[in-house]
>>> print(open('upload24.cif').read())   # mmCIF, C-alpha atoms
data_upload
loop_
_atom_site.label_atom_id
_atom_site.label_comp_id
_atom_site.auth_asym_id
_atom_site.auth_seq_id
_atom_site.Cartn_x
_atom_site.Cartn_y
_atom_site.Cartn_z
CA MET A 2 0.00 0.00 0.00
CA SER A 3 2.71 2.44 0.98
CA THR A 4 4.66 1.56 -2.16
CA VAL A 5 1.66 2.36 -4.33
CA THR A 6 1.22 5.73 -2.62
CA ALA A 7 4.88 6.57 -3.06
CA THR A 8 4.81 5.70 -6.74
CA SER A 9 1.73 7.75 -7.46
CA ALA A 10 3.09 10.69 -5.44
CA SER A 11 6.29 10.77 -7.48
CA ALA A 12 4.30 10.32 -10.69
CA ALA A 13 2.25 13.36 -9.68
CA GLN A 14 5.43 15.34 -9.01
CA LEU A 15 6.80 14.46 -12.45
CA ASP A 16 3.51 15.35 -14.11
CA TYR A 17 3.41 18.64 -12.19
CA VAL A 18 6.92 19.69 -13.25
CA LEU A 19 6.18 18.70 -16.86
CA ARG A 20 3.10 20.94 -16.90
CA ILE A 21 5.12 23.99 -15.96
CA GLY A 22 8.06 23.05 -18.19
CA ASP A 23 5.97 22.14 -21.23
CA SER A 24 3.97 25.36 -20.97
CA ALA A 25 7.21 27.36 -21.12
CA LEU A 26 8.54 25.19 -23.95
CA ILE A 27 5.47 25.39 -26.16
CA LEU A 28 4.93 29.12 -25.73
CA GLY A 29 8.66 29.57 -26.36
CA GLN A 30 8.24 27.63 -29.61
CA ARG A 31 5.27 29.80 -30.63
CA LEU A 32 7.13 33.03 -29.88
CA SER A 33 10.18 31.84 -31.80
CA GLU A 34 7.94 31.71 -34.89
CA TRP A 35 8.15 35.52 -34.79
CA CYS A 36 11.88 35.39 -35.52
CA GLY A 37 12.32 37.41 -38.70
CA HIS A 38 8.61 38.32 -38.84
CA GLY A 39 8.25 41.03 -36.18
CA PRO A 40 6.49 44.26 -37.19
CA VAL A 41 9.70 46.18 -36.41
CA ILE A 42 13.14 44.83 -35.59
CA GLU A 43 12.96 45.92 -31.93
CA GLU A 44 9.81 43.88 -31.37
CA ASP A 45 11.15 40.96 -33.36
CA ILE A 46 14.04 40.93 -30.89
CA ALA A 47 11.77 41.42 -27.86
CA LEU A 48 9.55 38.43 -28.74
CA THR A 49 12.47 36.16 -29.53
CA ASN A 50 14.26 37.19 -26.33
CA THR A 51 11.10 36.29 -24.43
CA ALA A 52 11.11 32.97 -26.30
CA LEU A 53 14.73 32.45 -25.27
CA ASP A 54 13.91 33.01 -21.60
CA LEU A 55 10.97 30.59 -21.80
CA ILE A 56 13.02 27.92 -23.54
CA GLY A 57 15.72 28.43 -20.90
CA GLN A 58 13.12 27.89 -18.17
CA ALA A 59 11.86 24.83 -20.06
CA ARG A 60 15.38 23.39 -20.27
CA LEU A 61 15.82 23.63 -16.50
CA LEU A 62 12.37 22.20 -15.83
CA LEU A 63 12.60 19.36 -18.35
CA THR A 64 16.08 18.44 -17.11
CA HIS A 65 14.58 18.27 -13.63
CA ALA A 66 11.65 16.21 -14.94
CA ALA A 67 14.05 13.80 -16.63
CA THR A 68 15.88 13.34 -13.32
CA LEU A 69 12.60 12.73 -11.49
CA GLU A 70 11.57 10.24 -14.14
CA GLY A 71 14.89 8.38 -13.84
CA LYS A 72 14.60 6.52 -17.13
CA GLY A 73 17.73 7.87 -18.74
CA ARG A 74 15.95 10.45 -20.87
CA ASP A 75 17.29 14.00 -21.01
CA GLU A 76 15.78 17.44 -21.72
CA ASP A 77 16.10 16.94 -25.49
CA ALA A 78 14.39 13.56 -25.47
CA LEU A 79 11.51 15.06 -23.52
CA ALA A 80 11.30 18.17 -25.69
CA PHE A 81 11.57 16.53 -29.08
CA LEU A 82 10.67 12.86 -28.85
CA ARG A 83 7.36 12.63 -27.04
CA ALA A 84 4.01 12.00 -28.66
CA GLU A 85 1.36 14.72 -28.57
CA HIS A 86 -0.67 13.35 -25.65
CA ALA A 87 2.46 13.17 -23.47
CA TYR A 88 2.88 16.96 -23.53
CA ARG A 89 1.38 18.64 -20.49
CA ASN A 90 1.31 22.32 -21.51
CA LEU A 91 -1.65 24.57 -20.93
CA THR A 92 -3.71 24.78 -24.11
CA ILE A 93 -3.41 28.59 -24.32
CA CYS A 94 0.34 28.17 -25.01
CA GLU A 95 -0.17 26.11 -28.18
CA LEU A 96 -2.79 28.35 -29.85
CA PRO A 97 -1.54 30.03 -33.03
CA ASN A 98 0.08 33.45 -32.57
CA GLY A 99 -2.37 35.39 -34.72
CA ASP A 100 -1.28 39.00 -35.17
CA PHE A 101 1.24 40.86 -33.01
CA GLY A 102 -1.51 42.17 -30.72
CA ARG A 103 -2.91 38.71 -30.05
CA THR A 104 0.61 37.45 -29.35
CA VAL A 105 1.37 40.11 -26.75
CA LEU A 106 -2.07 39.74 -25.18
CA ARG A 107 -1.45 36.03 -24.63
CA ASN A 108 1.97 36.92 -23.22
CA LEU A 109 0.21 39.23 -20.76
CA LEU A 110 -2.22 36.52 -19.61
CA PHE A 111 0.51 33.89 -19.36
CA ALA A 112 3.28 36.02 -17.81
CA ALA A 113 0.81 37.27 -15.18
CA TRP A 114 0.06 33.63 -14.33
CA GLN A 115 3.76 32.76 -14.14
CA MET A 116 4.26 35.81 -11.91
CA GLN A 117 1.75 34.29 -9.47
CA LEU A 118 3.11 30.76 -9.76
CA TRP A 119 6.84 31.39 -9.28
CA PRO A 120 6.63 33.08 -5.86
CA ALA A 121 4.14 30.40 -4.76
CA LEU A 122 6.75 27.76 -5.60
CA ALA A 123 9.49 29.49 -3.59
CA GLY A 124 8.69 27.37 -0.53
CA SER A 125 8.14 24.15 -2.48
CA THR A 126 9.27 20.88 -0.90
CA ASP A 127 10.85 20.25 -4.30
CA ALA A 128 14.03 22.29 -3.79
CA GLN A 129 15.06 22.24 -7.45
CA LEU A 130 11.62 23.47 -8.53
CA ALA A 131 11.88 26.25 -5.94
CA ALA A 132 15.32 27.25 -7.26
CA ILE A 133 14.09 27.35 -10.87
CA ALA A 134 11.09 29.44 -9.77
CA GLY A 135 13.34 31.88 -7.90
CA LYS A 136 15.35 32.43 -11.06
CA SER A 137 12.43 32.57 -13.49
CA VAL A 138 10.40 35.16 -11.63
CA LYS A 139 12.98 37.82 -12.52
CA GLU A 140 12.60 37.05 -16.22
CA SER A 141 8.81 36.79 -16.26
CA ARG A 142 8.61 40.24 -14.66
CA TYR A 143 10.12 41.76 -17.82
CA HIS A 144 7.82 39.69 -20.05
CA LEU A 145 4.81 41.00 -18.14
CA GLN A 146 5.90 44.63 -18.41
CA HIS A 147 6.54 44.30 -22.12
CA ALA A 148 3.18 42.63 -22.79
CA ALA A 149 1.27 45.09 -20.59
CA ASP A 150 2.79 48.09 -22.36
CA TRP A 151 1.73 46.81 -25.76
CA THR A 152 -1.71 45.70 -24.62
CA VAL A 153 -2.44 49.26 -23.47
CA ARG A 154 -0.96 50.82 -26.59
CA LEU A 155 -2.93 48.62 -28.98
CA GLY A 156 -6.12 48.28 -26.94
CA ASP A 157 -6.31 52.02 -26.40
CA GLY A 158 -5.00 52.69 -29.89
CA THR A 159 -6.83 53.07 -33.18
CA GLU A 160 -10.30 51.74 -33.92
CA VAL A 161 -8.76 48.87 -35.84
CA SER A 162 -6.17 47.93 -33.21
CA HIS A 163 -8.80 48.16 -30.46
CA ALA A 164 -11.19 45.88 -32.35
CA ARG A 165 -8.45 43.33 -32.98
CA MET A 166 -7.37 43.32 -29.35
CA GLN A 167 -10.95 42.93 -28.15
CA ARG A 168 -11.47 40.00 -30.50
CA ALA A 169 -8.21 38.43 -29.29
CA LEU A 170 -9.27 38.87 -25.67
CA ASP A 171 -12.68 37.33 -26.36
CA ASP A 172 -10.97 34.33 -27.98
CA LEU A 173 -8.18 33.83 -25.42
CA TRP A 174 -10.04 34.56 -22.19
CA PRO A 175 -11.84 31.18 -21.92
CA TYR A 176 -8.49 29.38 -22.02
CA THR A 177 -7.33 31.17 -18.86
CA ALA A 178 -9.75 29.03 -16.81
CA GLU A 179 -7.23 26.19 -17.13
CA PHE A 180 -4.67 28.23 -15.12
CA PHE A 181 -6.76 27.81 -11.98
CA ALA A 182 -8.61 24.52 -12.53
CA ALA A 183 -7.01 21.90 -10.28
CA THR A 184 -6.79 18.30 -11.47
CA ALA A 185 -5.74 15.27 -9.42
CA THR A 186 -2.08 16.06 -10.15
CA ASP A 187 -2.43 19.62 -8.83
CA GLU A 188 -4.19 18.37 -5.71
CA GLN A 189 -1.52 15.75 -5.05
CA ALA A 190 1.23 18.32 -5.59
CA GLN A 191 -0.49 20.65 -3.17
CA ALA A 192 -0.89 17.89 -0.58
CA ALA A 193 2.82 17.07 -0.88
CA GLY A 194 3.79 20.73 -0.42
CA ILE A 195 5.20 20.93 -3.95
CA GLY A 196 2.85 23.57 -5.31
CA PRO A 197 0.10 25.96 -4.24
CA ALA A 198 -3.65 25.49 -4.50
CA LEU A 199 -4.20 26.75 -8.04
CA SER A 200 -7.40 28.56 -7.10
CA SER A 201 -5.36 30.67 -4.67
CA LEU A 202 -3.49 32.21 -7.61
CA ALA A 203 -6.63 33.60 -9.27
CA ALA A 204 -7.06 36.75 -7.16
CA GLY A 205 -3.46 37.93 -7.64
CA TRP A 206 -3.64 37.17 -11.35
CA GLU A 207 -6.78 39.26 -11.75
CA GLN A 208 -5.17 42.09 -9.77
CA ALA A 209 -2.32 42.08 -12.28
CA VAL A 210 -4.37 41.63 -15.45
CA LEU A 211 -7.61 43.56 -14.96
CA PRO A 212 -6.06 47.04 -14.46
CA VAL A 213 -4.06 46.56 -17.67
CA LEU A 214 -7.17 45.55 -19.62
CA GLU A 215 -9.03 48.52 -18.18
CA ARG A 216 -6.27 50.94 -19.17
CA ALA A 217 -6.39 49.28 -22.58
CA THR A 218 -10.16 50.06 -22.72
CA LEU A 219 -10.88 46.37 -23.30
CA LYS A 220 -14.04 44.70 -22.06
CA VAL A 221 -13.43 41.63 -19.93
CA PRO A 222 -15.53 38.72 -21.21
CA ALA A 223 -17.84 36.85 -18.86
CA ARG A 224 -16.66 33.49 -17.58
CA THR A 225 -18.21 30.48 -19.34
CA PRO A 226 -18.18 26.74 -18.47
CA PHE A 227 -15.53 26.19 -21.19
CA LEU A 228 -12.41 24.47 -19.88
CA SER A 229 -9.37 23.37 -21.90
CA HIS A 230 -7.38 20.28 -20.88
CA GLY A 231 -3.90 20.64 -22.37
CA LYS A 232 -2.20 19.95 -19.05
CA GLU A 233 -3.90 16.55 -19.02
CA GLY A 234 -2.57 15.80 -22.51
CA ARG A 235 -5.82 16.57 -24.33
CA HIS A 236 -4.77 19.22 -26.81
CA SER A 237 -6.34 21.47 -29.41
CA GLU A 238 -6.13 20.74 -33.13
CA HIS A 239 -3.17 23.15 -33.32
CA MET A 240 -0.79 21.06 -31.23
CA GLY A 241 -0.02 18.42 -33.86
CA HIS A 242 0.95 21.08 -36.38
CA LEU A 243 3.20 22.80 -33.84
CA LEU A 244 4.95 19.52 -33.01
CA ALA A 245 5.37 18.62 -36.68
CA GLU A 246 7.44 21.78 -37.02
CA MET A 247 9.22 21.59 -33.66
CA GLN A 248 10.14 17.91 -33.87
CA TYR A 249 10.92 17.81 -37.58
CA LEU A 250 14.71 17.74 -37.31
CA GLN A 251 14.88 15.03 -34.65
CA ARG A 252 12.32 12.91 -36.51
CA ALA A 253 14.08 13.27 -39.86
CA PHE A 254 17.62 12.95 -38.52
CA PRO A 255 17.44 11.08 -35.19
CA GLY A 256 20.20 12.11 -32.80
CA ALA A 257 21.30 15.06 -34.95
CA LYS A 258 23.46 17.56 -33.07
CA TRP A 259 25.27 20.77 -33.89
CA MET B 6 48.30 22.13 -9.46
CA LEU B 7 46.56 25.30 -8.42
CA THR B 8 45.67 26.75 -5.06
CA THR B 9 42.17 28.12 -4.61
CA GLU B 10 43.60 31.63 -4.65
CA GLN B 11 45.47 31.00 -7.92
CA ALA B 12 42.32 29.55 -9.45
CA TRP B 13 40.42 32.75 -8.55
CA ASP B 14 43.19 34.78 -10.22
CA VAL B 15 42.83 32.70 -13.38
CA LEU B 16 39.06 33.24 -13.41
CA ALA B 17 39.53 36.98 -12.95
CA ARG B 18 41.11 36.98 -16.43
CA VAL B 19 38.33 34.96 -18.13
CA ALA B 20 36.26 37.47 -20.10
CA ASP B 21 32.50 37.37 -20.53
CA PRO B 22 31.94 36.27 -24.16
CA GLU B 23 29.28 38.94 -24.82
CA ILE B 24 30.90 41.79 -22.89
CA PRO B 25 34.64 41.15 -23.17
CA VAL B 26 35.62 44.15 -21.01
CA ILE B 27 34.47 42.43 -17.83
CA SER B 28 35.51 39.10 -16.37
CA VAL B 29 33.31 36.27 -15.15
CA THR B 30 34.28 37.07 -11.55
CA GLU B 31 33.38 40.74 -11.97
CA LEU B 32 30.06 39.64 -13.42
CA GLY B 33 29.44 37.87 -10.11
CA ILE B 34 28.56 34.49 -11.55
CA VAL B 35 31.42 32.56 -9.92
CA ARG B 36 30.05 31.64 -6.50
CA GLU B 37 32.68 29.28 -5.20
CA VAL B 38 36.06 27.87 -6.15
CA ARG B 39 37.53 24.79 -4.49
CA ALA B 40 40.99 23.55 -5.43
CA GLN B 41 42.13 20.22 -4.11
CA GLY B 42 45.20 18.54 -5.52
CA PRO B 43 44.95 18.43 -9.31
CA ALA B 44 41.19 19.07 -9.21
CA VAL B 45 39.40 22.42 -9.30
CA GLU B 46 35.69 22.72 -8.73
CA VAL B 47 33.95 25.91 -9.80
CA VAL B 48 30.38 26.77 -8.84
CA VAL B 49 28.72 29.01 -11.42
CA THR B 50 25.33 30.72 -11.28
CA PRO B 51 23.75 31.40 -14.68
CA THR B 52 22.58 34.92 -15.50
CA TYR B 53 19.41 34.30 -17.53
CA SER B 54 17.86 30.82 -17.88
CA GLY B 55 18.16 30.92 -21.66
CA CYS B 56 21.42 32.84 -21.96
CA PRO B 57 23.34 31.23 -24.83
CA ALA B 58 26.60 32.48 -23.30
CA THR B 59 26.26 30.18 -20.28
CA GLU B 60 27.74 27.16 -22.05
CA ALA B 61 30.50 29.22 -23.66
CA ILE B 62 31.41 30.62 -20.24
CA GLY B 63 31.68 27.11 -18.80
CA ARG B 64 33.99 26.10 -21.64
CA SER B 65 36.23 29.17 -21.27
CA ILE B 66 36.49 28.66 -17.51
CA ALA B 67 37.51 25.03 -17.95
CA ALA B 68 40.01 25.86 -20.71
CA ALA B 69 41.66 28.67 -18.71
CA LEU B 70 42.03 26.53 -15.59
CA ARG B 71 43.46 23.62 -17.57
CA GLU B 72 45.93 25.90 -19.26
CA ALA B 73 47.00 27.18 -15.84
CA GLY B 74 47.72 23.65 -14.68
CA ALA B 75 44.54 22.14 -13.30
CA ALA B 76 44.25 18.55 -14.49
CA ASP B 77 40.65 18.01 -13.54
CA VAL B 78 38.09 20.83 -13.81
CA ARG B 79 34.53 20.37 -12.68
CA ILE B 80 31.87 23.00 -13.15
CA GLU B 81 28.76 22.90 -11.05
CA THR B 82 25.71 25.02 -11.88
CA ARG B 83 23.90 26.48 -8.91
CA LEU B 84 20.53 28.16 -9.40
CA ALA B 85 19.76 29.39 -5.89
CA PRO B 86 20.11 32.10 -4.81
CA PRO B 87 19.44 33.46 -8.30
CA TRP B 88 21.98 35.74 -9.91
CA SER B 89 21.36 39.46 -9.55
CA THR B 90 22.90 42.43 -11.34
CA ASP B 91 23.63 43.69 -7.80
CA TRP B 92 26.44 41.12 -7.80
CA ILE B 93 28.28 42.92 -10.62
CA ALA B 94 31.34 44.54 -9.07
CA PRO B 95 31.25 48.38 -8.87
CA GLN B 96 34.42 48.76 -10.94
CA ALA B 97 32.88 46.46 -13.57
CA LYS B 98 29.84 48.76 -13.81
CA GLU B 99 32.23 51.60 -14.60
CA LYS B 100 33.88 49.41 -17.26
CA LEU B 101 30.45 48.74 -18.76
CA ARG B 102 29.80 52.47 -18.99
CA ARG B 103 33.13 53.11 -20.71
CA PHE B 104 32.31 50.23 -23.10
CA GLY B 105 29.12 52.12 -24.04
CA ILE B 106 26.61 50.08 -22.02
CA ALA B 107 24.60 51.93 -19.38
CA PRO B 108 25.07 49.84 -16.20
CA PRO B 109 22.13 48.48 -14.18
CA GLY B 110 20.68 50.31 -11.20
CA ALA B 111 19.59 48.51 -8.02
CA ALA B 112 17.66 45.32 -8.67
CA ALA B 113 15.12 46.26 -6.00
CA ALA B 114 13.83 49.05 -8.26
CA ALA B 115 12.92 46.50 -10.94
CA VAL B 116 10.94 44.46 -8.44
CA ALA B 117 9.01 47.47 -7.18
CA ALA B 118 8.30 48.83 -10.66
CA GLN B 119 4.70 49.14 -11.76
CA THR B 120 3.58 46.89 -14.57
CA ILE B 121 2.46 49.53 -17.05
CA GLY B 122 4.54 52.34 -18.45
CA PHE B 123 7.61 51.53 -16.42
CA VAL B 124 10.64 53.01 -18.13
CA PRO B 125 13.60 53.46 -15.79
CA ARG B 126 15.60 56.64 -16.16
CA VAL B 127 18.96 55.76 -17.61
CA ASP B 128 21.86 58.15 -18.22
CA CYS B 129 23.58 58.09 -21.59
CA PRO B 130 26.92 56.26 -21.16
CA LEU B 131 28.45 58.38 -23.94
CA CYS B 132 27.60 61.98 -23.00
CA GLY B 133 26.12 61.53 -19.52
CA SER B 134 22.80 63.17 -20.37
CA GLY B 135 19.68 61.95 -18.55
CA ASN B 136 17.54 62.99 -21.52
CA THR B 137 17.18 59.51 -22.99
CA GLU B 138 14.35 57.33 -24.28
CA ARG B 139 13.81 53.59 -24.44
CA LEU B 140 13.42 52.14 -27.92
CA SER B 141 12.86 48.55 -26.85
CA ALA B 142 12.62 46.66 -23.59
CA PHE B 143 14.93 44.00 -25.05
CA GLY B 144 18.24 44.45 -26.83
CA ALA B 145 20.69 42.28 -28.71
CA THR B 146 20.75 40.00 -25.66
CA ALA B 147 18.03 39.23 -23.11
CA CYS B 148 19.93 41.10 -20.39
CA LYS B 149 19.89 44.43 -22.19
CA ALA B 150 17.38 47.06 -23.36
CA LEU B 151 17.82 49.45 -26.26
CA TYR B 152 17.88 53.22 -25.59
CA ARG B 153 18.60 56.43 -27.47
CA CYS B 154 20.06 59.67 -26.17
CA ARG B 155 17.98 62.72 -27.13
CA ASP B 156 20.98 65.02 -26.67
CA CYS B 157 23.94 63.34 -28.38
CA ARG B 158 21.50 61.35 -30.56
CA GLU B 159 23.46 58.13 -30.13
CA PRO B 160 21.76 54.79 -29.54
CA PHE B 161 23.06 52.70 -26.65
CA GLU B 162 22.31 49.58 -24.65
CA HIS B 163 21.28 49.41 -21.01
CA PHE B 164 22.07 46.40 -18.84
CA LYS B 165 18.70 45.81 -17.15
CA PRO B 166 18.57 45.39 -13.38
CA LEU B 167 17.71 41.77 -12.54
#
>>> encode(input="upload24.cif", output="structure tokens")
Amino acid sequence: MSTVTATSASAAQLDYVLRIGDSALILGQRLSEWCGHGPVIEEDIALTNTALDLIGQARLLLTHAATLEGKGRDEDALAFLRAEHAYRNLTICELPNGDFGRTVLRNLLFAAWQMQLWPALAGSTDAQLAAIAGKSVKESRYHLQHAADWTVRLGDGTEVSHARMQRALDDLWPYTAEFFAATATDEQAQAAGIGPALSSLAAGWEQAVLPVLERATLKVPARTPFLSHGKEGRHSEHMGHLLAEMQYLQRAFPGAKW
Amino acid sequence: MLTTEQAWDVLARVADPEIPVISVTELGIVREVRAQGPAVEVVVTPTYSGCPATEAIGRSIAAALREAGAADVRIETRLAPPWSTDWIAPQAKEKLRRFGIAPPGAAAAAVAAQTIGFVPRVDCPLCGSGNTERLSAFGATACKALYRCRDCREPFEHFKPL
């Protein structure tokens, strides 16, 4: 009995770390699609630097996950050689970028969530996770400021930019429910002192996001029963296409290095 | 064979690959050095999680120590406590300025900053004017932002407080 509990507790810990790591990885992949396509070179660089930070966070988290798993896989095997359902990222991270405004709006919603999560992990019983969180919070702070600035500029901009931002917010908002919806893994992680109760992050997240949306003159959509399930491995139709691009090299040339 | 003190001296001459005017010790990323017999162990704290220079820094540290006589170099990465720009030595901040990069202010200011419209006042490293504007929150590397001086009209980079 005790063996079974121990196994499921460590499986929950692995799953929990993968959720945070995969979310950073997949959004990092999406943002890297902007490389060479930014509206101006400064913003091209800003989005790809944000991608670089997220992929850096993902490397630390996936390396930690690989250690927890203990099956001899490394960060690269986890990043590039898993099947779609084995990825545990939040669905919002895999949605297509859309235009620049939609991209920065998602960054706002996601960075604000990370800014709640990292401090909550500072006292985690998983010391490595706590260390990664302590490092990442400094980076996410700059992502949040960058995204907030642009959300205000475009939301409170021209008629066209305002309409686009409102449409993006209407589309993305339902996916934010997944940030705070606890599954069995989240509950087990909380019970083991690894992570916070996800619902406890909601108030701080709203305090960060709502004033920005208000300054941006955007109307906050009403909550609906819609809930996405990316962190349980049930992804949107966009995930397969993203992986086809991201995994191409390792699938075509297994073990390729440079 | 190197003593711990000699190993520190070697590291003080290993330049940061992105900002060659300052050394890895001045950057504050070398947390600990332990020399024992032919082995030297160096504890390094990365700057940004995704900084591509991290691996290059590890390689240059190992190469410099080997060249100085260490037979066995081990590099350990330590994440906590996280690196802060407050750990950059004061004389290194002056070197940054002379290199044309506006050095970071106190990291605490970045933590306290409001989310919207936060643009820290940064003096131009070339002419000293405070009449500058930010062009982008990110520069050629994740650790820097891009600014322009309204007086001497020159663009410059600012090392962001972290």
>>> residues_around(input="upload24.cif", residues="B:Asp156", least_positions_apart="6", cutoff="10 Å", atoms="all atoms listed in the file", output="tab-separated table (two decimals) with C-alpha atoms, in the coordinates of the input")
chain	number	residue	atom	x	y	z
B	129	CYS	CA	23.58	58.09	-21.59
B	132	CYS	CA	27.60	61.98	-23.00
B	133	GLY	CA	26.12	61.53	-19.52
B	134	SER	CA	22.80	63.17	-20.37
B	135	GLY	CA	19.68	61.95	-18.55
B	136	ASN	CA	17.54	62.99	-21.52
B	137	THR	CA	17.18	59.51	-22.99
>>> closest_residue(input="upload24.cif", among="A:Ala192, A:Ile93, A:Leu82, A:Ala148", to="chain B", atoms="all atoms listed in the file")
A:Ala148
>>> closest_residue(input="upload24.cif", among="B:Gly110, B:Gly42, B:Gly105, B:Gly74", to="B:Ser89", atoms="all atoms listed in the file")
B:Gly110
>>> interface_residues(input="upload24.cif", of="chain B", to="chain A", cutoff="9 Å", atoms="all atoms listed in the file", output="JSON, numbers by chain")
{"B": [52, 53, 54, 55, 56, 57, 83, 84, 85, 86, 87, 88, 115, 116, 119, 120, 121, 122, 123, 140, 141, 142, 143, 144, 145, 146, 147, 151, 167]}
>>> resolve_selection(input="upload24.cif", expression="the PyMOL selection byres ((chain B and resi 63-71) around 8)", output="PyMOL selection string")
chain B and resi 12+15-16+19+45+59-62+72-80
>>> resolve_selection(input="upload24.cif", expression="the PyMOL selection byres ((chain A and resi 66) around 12)", output="CSV table (one decimal) with C-alpha atoms, keeping the file's coordinate frame")
chain,number,residue,atom,x,y,z
A,11,SER,CA,6.3,10.8,-7.5
A,12,ALA,CA,4.3,10.3,-10.7
A,13,ALA,CA,2.2,13.4,-9.7
A,14,GLN,CA,5.4,15.3,-9.0
A,15,LEU,CA,6.8,14.5,-12.4
A,16,ASP,CA,3.5,15.4,-14.1
A,17,TYR,CA,3.4,18.6,-12.2
A,18,VAL,CA,6.9,19.7,-13.2
A,19,LEU,CA,6.2,18.7,-16.9
A,20,ARG,CA,3.1,20.9,-16.9
A,21,ILE,CA,5.1,24.0,-16.0
A,22,GLY,CA,8.1,23.0,-18.2
A,23,ASP,CA,6.0,22.1,-21.2
A,59,ALA,CA,11.9,24.8,-20.1
A,60,ARG,CA,15.4,23.4,-20.3
A,61,LEU,CA,15.8,23.6,-16.5
A,62,LEU,CA,12.4,22.2,-15.8
A,63,LEU,CA,12.6,19.4,-18.4
A,64,THR,CA,16.1,18.4,-17.1
A,65,HIS,CA,14.6,18.3,-13.6
A,67,ALA,CA,14.0,13.8,-16.6
A,68,THR,CA,15.9,13.3,-13.3
A,69,LEU,CA,12.6,12.7,-11.5
A,70,GLU,CA,11.6,10.2,-14.1
A,71,GLY,CA,14.9,8.4,-13.8
A,72,LYS,CA,14.6,6.5,-17.1
A,73,GLY,CA,17.7,7.9,-18.7
A,74,ARG,CA,16.0,10.4,-20.9
A,75,ASP,CA,17.3,14.0,-21.0
A,76,GLU,CA,15.8,17.4,-21.7
A,77,ASP,CA,16.1,16.9,-25.5
A,78,ALA,CA,14.4,13.6,-25.5
A,79,LEU,CA,11.5,15.1,-23.5
A,80,ALA,CA,11.3,18.2,-25.7
A,89,ARG,CA,1.4,18.6,-20.5
A,127,ASP,CA,10.8,20.2,-4.3
A,129,GLN,CA,15.1,22.2,-7.4
A,130,LEU,CA,11.6,23.5,-8.5
>>> residues_near_point(input="upload24.cif", point="(-2.5, 36.0, -9.8)", cutoff="9 Å", atoms="all atoms listed in the file", output="ChimeraX atom specification")
/A:113-118,201-210
>>> residues_around(input="upload24.cif", residues="B:Arg153", least_positions_apart="5", cutoff="6 Å", atoms="only C-alpha atoms", output="list of chain:residue names")
B:Thr137, B:Glu138, B:Glu159, B:Pro160, B:Phe161
>>> resolve_selection(input="upload24.cif", expression="the PyMOL selection byres ((chain A and resi 169) around 10)", output="list of chain:residue names")
A:Gly99, A:Asp100, A:Gly102, A:Arg103, A:Thr104, A:Leu106, A:Arg107, A:His163, A:Ala164, A:Arg165, A:Met166, A:Gln167, A:Arg168, A:Leu170, A:Asp171, A:Asp172, A:Leu173, A:Trp174
>>> closest_residue(input="upload24.cif", among="B:Glu37, B:Glu162, B:Glu31, B:Glu46", to="B:Glu99", atoms="all atoms listed in the file")
B:Glu31
>>> closest_residue(input="upload24.cif", among="B:Met6, B:Ala58, B:Ala40, B:Cys157", to="B:Pro25", atoms="only C-alpha atoms")
B:Ala58
>>> atom_distance(input="upload24.cif", atom1="atom CA of A:Phe111", atom2="atom CA of A:Arg31")
12.9 Å
>>> closest_residue(input="upload24.cif", among="B:Lys98, B:Arg39, B:Lys149, B:Arg126", to="B:Glu23", atoms="only C-alpha atoms")
B:Lys149
>>> decode(input="upload24.cif", residues="stretch 64-73 of chain B", atoms="N, CA and C atoms", output="PDB file, in the first residue's frame")
ATOM      1  N   ARG B  64      32.853  26.608 -20.860  1.00  0.00           N
ATOM      2  CA  ARG B  64      33.986  26.102 -21.640  1.00  0.00           C
ATOM      3  C   ARG B  64      35.233  26.965 -21.443  1.00  0.00           C
ATOM      4  N   SER B  65      35.039  28.316 -21.435  1.00  0.00           N
ATOM      5  CA  SER B  65      36.234  29.170 -21.272  1.00  0.00           C
ATOM      6  C   SER B  65      36.823  29.019 -19.877  1.00  0.00           C
ATOM      7  N   ILE B  66      35.978  28.842 -18.877  1.00  0.00           N
ATOM      8  CA  ILE B  66      36.492  28.662 -17.514  1.00  0.00           C
ATOM      9  C   ILE B  66      37.333  27.390 -17.445  1.00  0.00           C
ATOM     10  N   ALA B  67      36.794  26.307 -18.000  1.00  0.00           N
ATOM     11  CA  ALA B  67      37.510  25.033 -17.953  1.00  0.00           C
ATOM     12  C   ALA B  67      38.830  25.122 -18.711  1.00  0.00           C
ATOM     13  N   ALA B  68      38.798  25.754 -19.896  1.00  0.00           N
ATOM     14  CA  ALA B  68      40.007  25.862 -20.708  1.00  0.00           C
ATOM     15  C   ALA B  68      41.084  26.679 -19.988  1.00  0.00           C
ATOM     16  N   ALA B  69      40.674  27.799 -19.372  1.00  0.00           N
ATOM     17  CA  ALA B  69      41.655  28.670 -18.709  1.00  0.00           C
ATOM     18  C   ALA B  69      42.293  27.953 -17.519  1.00  0.00           C
ATOM     19  N   LEU B  70      41.483  27.219 -16.758  1.00  0.00           N
ATOM     20  CA  LEU B  70      42.035  26.527 -15.589  1.00  0.00           C
ATOM     21  C   LEU B  70      42.967  25.392 -16.008  1.00  0.00           C
ATOM     22  N   ARG B  71      42.604  24.706 -17.094  1.00  0.00           N
ATOM     23  CA  ARG B  71      43.461  23.617 -17.571  1.00  0.00           C
ATOM     24  C   ARG B  71      44.800  24.171 -18.049  1.00  0.00           C
ATOM     25  N   GLU B  72      44.712  25.286 -18.745  1.00  0.00           N
ATOM     26  CA  GLU B  72      45.933  25.902 -19.259  1.00  0.00           C
ATOM     27  C   GLU B  72      46.841  26.335 -18.110  1.00  0.00           C
ATOM     28  N   ALA B  73      46.209  26.725 -16.989  1.00  0.00           N
ATOM     29  CA  ALA B  73      46.995  27.176 -15.839  1.00  0.00           C
ATOM     30  C   ALA B  73      47.499  26.007 -14.999  1.00  0.00           C
TER      31      ALA B  73
END
